[in-house]
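Shown below: protein-v6.cif, with mmCIF, C-alpha atoms.
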data_work
loop_
_atom_site.group_PDB
_atom_site.id
_atom_site.type_symbol
_atom_site.label_atom_id
_atom_site.label_comp_id
_atom_site.auth_asym_id
_atom_site.auth_seq_id
_atom_site.Cartn_x
_atom_site.Cartn_y
_atom_site.Cartn_z
ATOM 1 C CA MET Y 1 -116.603 -58.874 -20.212
ATOM 2 C CA LYS Y 2 -114.735 -59.770 -17.047
ATOM 3 C CA LEU Y 3 -115.563 -61.220 -13.663
ATOM 4 C CA GLY Y 4 -115.756 -58.877 -10.667
ATOM 5 C CA LYS Y 5 -116.656 -58.885 -7.002
ATOM 6 C CA VAL Y 6 -118.827 -56.177 -5.456
ATOM 7 C CA ILE Y 7 -116.767 -54.711 -2.598
ATOM 8 C CA GLY Y 8 -118.498 -51.427 -1.873
ATOM 9 C CA THR Y 9 -120.972 -48.781 -2.853
ATOM 10 C CA VAL Y 10 -120.894 -45.092 -3.763
ATOM 11 C CA ILE Y 11 -123.668 -42.660 -2.935
ATOM 12 C CA ALA Y 12 -123.689 -39.375 -4.858
ATOM 13 C CA THR Y 13 -126.554 -36.903 -4.960
ATOM 14 C CA ILE Y 14 -124.974 -34.354 -7.286
ATOM 15 C CA LYS Y 15 -124.350 -36.196 -10.550
ATOM 16 C CA ALA Y 16 -124.271 -35.639 -14.271
ATOM 17 C CA ASP Y 17 -127.561 -35.795 -16.113
ATOM 18 C CA GLY Y 18 -128.770 -39.323 -16.781
ATOM 19 C CA LEU Y 19 -127.161 -40.788 -13.667
ATOM 20 C CA GLU Y 20 -130.144 -40.184 -11.406
ATOM 21 C CA GLY Y 21 -131.184 -43.424 -9.756
ATOM 22 C CA VAL Y 22 -128.279 -45.394 -11.202
ATOM 23 C CA PRO Y 23 -126.715 -47.493 -8.437
ATOM 24 C CA MET Y 24 -122.940 -47.130 -8.235
ATOM 25 C CA LEU Y 25 -121.027 -50.081 -6.827
ATOM 26 C CA ILE Y 26 -117.323 -50.526 -6.194
ATOM 27 C CA VAL Y 27 -116.185 -53.613 -8.119
ATOM 28 C CA GLN Y 28 -112.875 -55.427 -7.774
ATOM 29 C CA PRO Y 29 -111.937 -56.957 -11.167
ATOM 30 C CA LEU Y 30 -111.006 -60.639 -10.928
ATOM 31 C CA ASP Y 31 -108.531 -62.673 -12.956
ATOM 32 C CA ARG Y 32 -109.262 -66.078 -14.513
ATOM 33 C CA ALA Y 33 -108.731 -67.748 -11.128
ATOM 34 C CA GLN Y 34 -111.160 -65.249 -9.543
ATOM 35 C CA LYS Y 35 -108.338 -63.546 -7.659
ATOM 36 C CA PRO Y 36 -108.306 -59.728 -7.397
ATOM 37 C CA THR Y 37 -106.372 -58.074 -10.212
ATOM 38 C CA GLY Y 38 -105.891 -54.408 -10.904
ATOM 39 C CA ARG Y 39 -107.523 -51.507 -9.140
ATOM 40 C CA PRO Y 40 -111.188 -51.504 -8.118
ATOM 41 C CA VAL Y 41 -113.537 -49.502 -10.312
ATOM 42 C CA VAL Y 42 -116.883 -47.850 -9.681
ATOM 43 C CA ALA Y 43 -119.457 -49.478 -11.944
ATOM 44 C CA ALA Y 44 -123.048 -48.602 -12.650
ATOM 45 C CA ASP Y 45 -125.273 -51.539 -11.725
ATOM 46 C CA ALA Y 46 -127.315 -52.068 -14.888
ATOM 47 C CA VAL Y 47 -129.201 -55.030 -13.408
ATOM 48 C CA ARG Y 48 -129.890 -53.047 -10.211
ATOM 49 C CA MET Y 49 -129.700 -56.148 -8.038
ATOM 50 C CA ALA Y 50 -126.040 -56.769 -7.302
ATOM 51 C CA GLY Y 51 -125.355 -56.921 -3.591
ATOM 52 C CA PRO Y 52 -122.208 -56.709 -1.479
ATOM 53 C CA GLY Y 53 -119.761 -59.569 -1.996
ATOM 54 C CA GLU Y 54 -121.560 -60.876 -5.060
ATOM 55 C CA LEU Y 55 -119.724 -62.256 -8.097
ATOM 56 C CA VAL Y 56 -120.727 -60.270 -11.178
ATOM 57 C CA TYR Y 57 -119.594 -59.680 -14.752
ATOM 58 C CA PHE Y 58 -119.153 -56.213 -16.138
ATOM 59 C CA VAL Y 59 -118.414 -54.388 -19.368
ATOM 60 C CA ALA Y 60 -116.218 -51.357 -19.917
ATOM 61 C CA SER Y 61 -115.940 -48.397 -22.258
ATOM 62 C CA ARG Y 62 -118.767 -47.600 -24.651
ATOM 63 C CA GLU Y 63 -120.569 -50.846 -23.924
ATOM 64 C CA ALA Y 64 -120.999 -49.663 -20.332
ATOM 65 C CA ALA Y 65 -122.851 -46.585 -21.578
ATOM 66 C CA GLU Y 66 -124.942 -48.913 -23.742
ATOM 67 C CA ALA Y 67 -125.967 -51.026 -20.762
ATOM 68 C CA LEU Y 68 -128.235 -48.455 -19.201
ATOM 69 C CA ASP Y 69 -131.643 -47.210 -20.226
ATOM 70 C CA PRO Y 70 -131.604 -44.406 -21.424
ATOM 71 C CA ARG Y 71 -128.294 -45.232 -22.978
ATOM 72 C CA PHE Y 72 -125.245 -43.082 -23.363
ATOM 73 C CA VAL Y 73 -125.146 -41.887 -19.808
ATOM 74 C CA PRO Y 74 -121.612 -41.041 -18.661
ATOM 75 C CA VAL Y 75 -120.394 -44.336 -17.210
ATOM 76 C CA ASP Y 76 -117.341 -46.331 -18.240
ATOM 77 C CA HIS Y 77 -118.040 -49.577 -16.358
ATOM 78 C CA ALA Y 78 -121.371 -51.329 -15.909
ATOM 79 C CA ILE Y 79 -122.419 -54.546 -14.213
ATOM 80 C CA VAL Y 80 -124.499 -56.522 -16.735
ATOM 81 C CA GLY Y 81 -125.030 -59.768 -14.858
ATOM 82 C CA ILE Y 82 -124.802 -61.588 -11.571
ATOM 83 C CA VAL Y 83 -122.919 -64.887 -11.674
ATOM 84 C CA ASP Y 84 -124.821 -67.892 -10.331
ATOM 85 C CA ALA Y 85 -121.882 -70.151 -11.179
ATOM 86 C CA ALA Y 86 -118.610 -69.762 -13.076
ATOM 87 C CA GLU Y 87 -117.691 -73.342 -13.916
ATOM 88 C CA ASP Y 88 -114.432 -74.593 -15.395
ATOM 89 C CA LEU Y 89 -114.847 -77.102 -18.216
ATOM 90 C CA ALA Y 90 -112.406 -79.867 -19.227
ATOM 91 C CA MET T 91 -110.326 -61.325 -33.534
ATOM 92 C CA LYS T 92 -108.139 -63.287 -31.163
ATOM 93 C CA VAL T 93 -107.462 -66.974 -30.746
ATOM 94 C CA ALA T 94 -108.795 -68.343 -27.473
ATOM 95 C CA ARG T 95 -109.679 -71.645 -25.819
ATOM 96 C CA VAL T 96 -113.066 -72.314 -24.228
ATOM 97 C CA SER T 97 -112.284 -73.142 -20.613
ATOM 98 C CA GLY T 98 -115.467 -72.412 -18.699
ATOM 99 C CA THR T 99 -119.025 -71.154 -18.656
ATOM 100 C CA VAL T 100 -120.861 -68.481 -16.703
ATOM 101 C CA VAL T 101 -124.331 -69.396 -15.492
ATOM 102 C CA SER T 102 -126.438 -66.306 -14.780
ATOM 103 C CA THR T 103 -130.144 -65.772 -14.262
ATOM 104 C CA ILE T 104 -130.056 -62.089 -13.325
ATOM 105 C CA ASN T 105 -128.542 -60.270 -16.274
ATOM 106 C CA HIS T 106 -129.079 -57.648 -18.940
ATOM 107 C CA PRO T 107 -131.896 -58.877 -21.240
ATOM 108 C CA LEU T 108 -129.585 -58.910 -24.253
ATOM 109 C CA PHE T 109 -127.870 -61.997 -22.827
ATOM 110 C CA ASP T 110 -131.070 -63.974 -22.263
ATOM 111 C CA GLY T 111 -130.976 -67.269 -24.132
ATOM 112 C CA HIS T 112 -127.253 -67.003 -24.884
ATOM 113 C CA GLN T 113 -124.503 -69.186 -23.512
ATOM 114 C CA LEU T 114 -121.662 -67.268 -21.865
ATOM 115 C CA LEU T 115 -118.272 -68.903 -22.356
ATOM 116 C CA ILE T 116 -115.074 -68.114 -20.471
ATOM 117 C CA CYS T 117 -112.405 -67.952 -23.186
ATOM 118 C CA ASP T 118 -108.705 -67.981 -22.318
ATOM 119 C CA TYR T 119 -106.649 -65.989 -24.808
ATOM 120 C CA LEU T 120 -103.750 -67.978 -26.243
ATOM 121 C CA ASP T 121 -100.190 -67.000 -27.148
ATOM 122 C CA ASP T 122 -98.401 -68.008 -30.350
ATOM 123 C CA SER T 123 -97.684 -71.489 -29.084
ATOM 124 C CA GLY T 124 -101.241 -72.106 -27.946
ATOM 125 C CA ASP T 125 -100.703 -71.652 -24.218
ATOM 126 C CA ALA T 126 -103.106 -69.588 -22.117
ATOM 127 C CA THR T 127 -101.748 -66.100 -21.501
ATOM 128 C CA GLY T 128 -103.799 -65.563 -18.350
ATOM 129 C CA ASP T 129 -105.998 -62.961 -20.032
ATOM 130 C CA TYR T 130 -109.579 -64.038 -20.629
ATOM 131 C CA ALA T 131 -112.951 -62.816 -21.821
ATOM 132 C CA ILE T 132 -116.507 -63.797 -21.035
ATOM 133 C CA ALA T 133 -117.981 -64.054 -24.523
ATOM 134 C CA VAL T 134 -121.439 -64.693 -25.907
ATOM 135 C CA ASP T 135 -121.372 -67.969 -27.835
ATOM 136 C CA LEU T 136 -122.788 -67.674 -31.363
ATOM 137 C CA VAL T 137 -121.456 -70.941 -32.759
ATOM 138 C CA GLY T 138 -122.051 -73.613 -30.129
ATOM 139 C CA ALA T 139 -118.413 -73.943 -29.103
ATOM 140 C CA GLY T 140 -117.617 -76.703 -26.648
ATOM 141 C CA ALA T 141 -115.196 -77.168 -23.784
ATOM 142 C CA GLY T 142 -111.554 -77.139 -24.768
ATOM 143 C CA GLU T 143 -112.174 -75.992 -28.331
ATOM 144 C CA ASP T 144 -110.037 -73.266 -29.866
ATOM 145 C CA VAL T 145 -112.217 -70.410 -31.055
ATOM 146 C CA LEU T 146 -112.069 -66.902 -32.496
ATOM 147 C CA VAL T 147 -113.260 -64.225 -30.088
ATOM 148 C CA LEU T 148 -114.353 -60.884 -31.480
ATOM 149 C CA ASP T 149 -114.016 -58.127 -28.864
ATOM 150 C CA GLU T 150 -115.501 -55.025 -30.459
ATOM 151 C CA GLY T 151 -118.927 -53.592 -29.755
ATOM 152 C CA THR T 152 -120.274 -52.421 -33.077
ATOM 153 C CA SER T 153 -119.627 -55.662 -34.926
ATOM 154 C CA ALA T 154 -120.738 -57.677 -31.908
ATOM 155 C CA ARG T 155 -124.049 -55.869 -31.911
ATOM 156 C CA GLN T 156 -124.420 -56.583 -35.622
ATOM 157 C CA THR T 157 -124.071 -60.304 -34.983
ATOM 158 C CA LEU T 158 -127.082 -60.114 -32.656
ATOM 159 C CA ASP T 159 -128.884 -57.785 -35.068
ATOM 160 C CA VAL T 160 -129.286 -55.056 -32.468
ATOM 161 C CA ASP T 161 -128.082 -51.467 -32.644
ATOM 162 C CA THR T 162 -127.758 -50.907 -28.905
ATOM 163 C CA GLY T 163 -126.694 -53.037 -25.966
ATOM 164 C CA PRO T 164 -123.694 -53.826 -23.788
ATOM 165 C CA ILE T 165 -122.182 -56.584 -25.902
ATOM 166 C CA ARG T 166 -118.550 -56.700 -26.977
ATOM 167 C CA ALA T 167 -117.023 -60.150 -26.750
ATOM 168 C CA VAL T 168 -118.570 -62.833 -28.942
ATOM 169 C CA VAL T 169 -117.343 -66.252 -30.099
ATOM 170 C CA VAL T 170 -117.602 -66.056 -33.879
ATOM 171 C CA ALA T 171 -115.825 -69.220 -35.047
ATOM 172 C CA ILE T 172 -114.649 -72.662 -33.975
ATOM 173 C CA ILE T 173 -111.096 -73.201 -35.184
ATOM 174 C CA ASP T 174 -110.311 -76.478 -36.975
ATOM 175 C CA TYR T 175 -106.591 -75.753 -37.185
ATOM 176 C CA TRP T 176 -104.285 -72.794 -36.761
ATOM 177 C CA GLU T 177 -100.551 -72.349 -36.925
ATOM 178 C CA ARG T 178 -98.111 -69.436 -36.592
ATOM 179 C CA ASP T 179 -95.387 -69.320 -39.229
#
Once more with this new file: its structure as structure tokens, please.
Amino acid sequence: MKLGKVIGTVIATIKADGLEGVPMLIVQPLDRAQKPTGRPVVAADAVRMAGPGELVYFVASREAAEALDPRFVPVDHAIVGIVDAAEDLA
Amino acid sequence: MKVARVSGTVVSTINHPLFDGHQLLICDYLDDSGDATGDYAIAVDLVGAGAGEDVLVLDEGTSARQTLDVDTGPIRAVVVAIIDYWERD
């Protein structure tokens, strides 16, 4: 899993089966120093509570399809948690 | 698995239920000489690893799910071992 920042949202009414009601958010992946890295992705919000600008963590590939209920809907990135704090140790 | 160093934690109250009750550790992947490469993973801690410890991070879904004894769920990166010593020939 990686850190990400919610930077936008996507509204789509015509979608593949299984995606009804699944919020789609634009997420900017972050590096270890929480700086943007790589291109933004559109991620399904599996916790359904991530808001704009929030720090989240997300999974990719098959695990993204496993994050939703019912599983195996066609998504390749999914937000699985909202970060309250990402603390450095030692 | 990959060698990594525990460098941080993620505190989260709103998350997928699979992560409830599990510590999330930020693990910095290491190169051959033990320096952080910059790449990292947020991994579920299964072994009680502490700050600064070198660990083994497994980053594959099916085996990760087996460690939690579930057959579904968005889990991939897990800390499966605390390293006592490692060296590269």
Would you give the centre and edge lengths, in Å to one decimal, of a box along x, y and z around the listed atoms of region 108-123 of chain T, with 6 Å added to each side, as AutoDock Vina command-line options?
--center_x -114.4 --center_y -65.2 --center_z -25.4 --size_x 45.4 --size_y 24.6 --size_z 21.9
>> Near chain Y, meaning an atom within 6 Å, which residues of chain T appear when counting only C-alpha atoms? Write them as a PyMOL selection string.
In response: chain T and resi 97-102+104-106+131-132+141+163-164
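From CA of Gly151 (chain T) back to CA of Cys117 (chain T), the distance works out to 17.1 Å.
The spacing separating CA of Val170 (chain T) from CA of Ala133 (chain T) amounts to 9.6 Å.
Atom to atom, CA of Leu25 (chain Y) and CA of Asp76 (chain Y) stand 12.6 Å apart.
Taking only C-alpha atoms into account, the polymer residues that have an atom no farther than 9 Å from (-125.4, -47.5, -2.2) are Y:Gly8, Y:Thr9, Y:Val10, Y:Ile11, Y:Ala12, Y:Pro23, Y:Met24, Y:Leu25.
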>> Excluding Asp125 (chain T) and its own-chain neighbours fewer than 5 positions away, which residues fall within 10 Å of it when counting all atoms listed in the file? Please give them as number ranges by chain.
In response: T: 94-95, 118-120
Kindly save the residues from that selection, with C-alpha atoms included, as a CSV table (one decimal), keeping the file's coordinate frame.
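Written output follows (again.csv):
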chain,number,residue,atom,x,y,z
T,94,ALA,CA,-108.8,-68.3,-27.5
T,95,ARG,CA,-109.7,-71.6,-25.8
T,118,ASP,CA,-108.7,-68.0,-22.3
T,119,TYR,CA,-106.6,-66.0,-24.8
T,120,LEU,CA,-103.8,-68.0,-26.2
>> Which residues would end up in the selection if the PyMOL selection byres ((chain Y and resi 17) around 12) were applied here, given that I need the answer as a ChimeraX atom specification?
In response: /Y:13-16,18-22,70-75
>> I need the output of the PyMOL selection byres ((chain Y and resi 39-42) around 6) for this file as a PyMOL selection string; which residues are they?
In response: chain Y and resi 25-28+38+43
>> Excluding Arg166 (chain T) and its own-chain neighbours fewer than 2 positions away, which residues fall within 6 Å of it when counting all atoms listed in the file? Please give them as a VMD selection string.
In response: chain T and resid 149 to 151 154
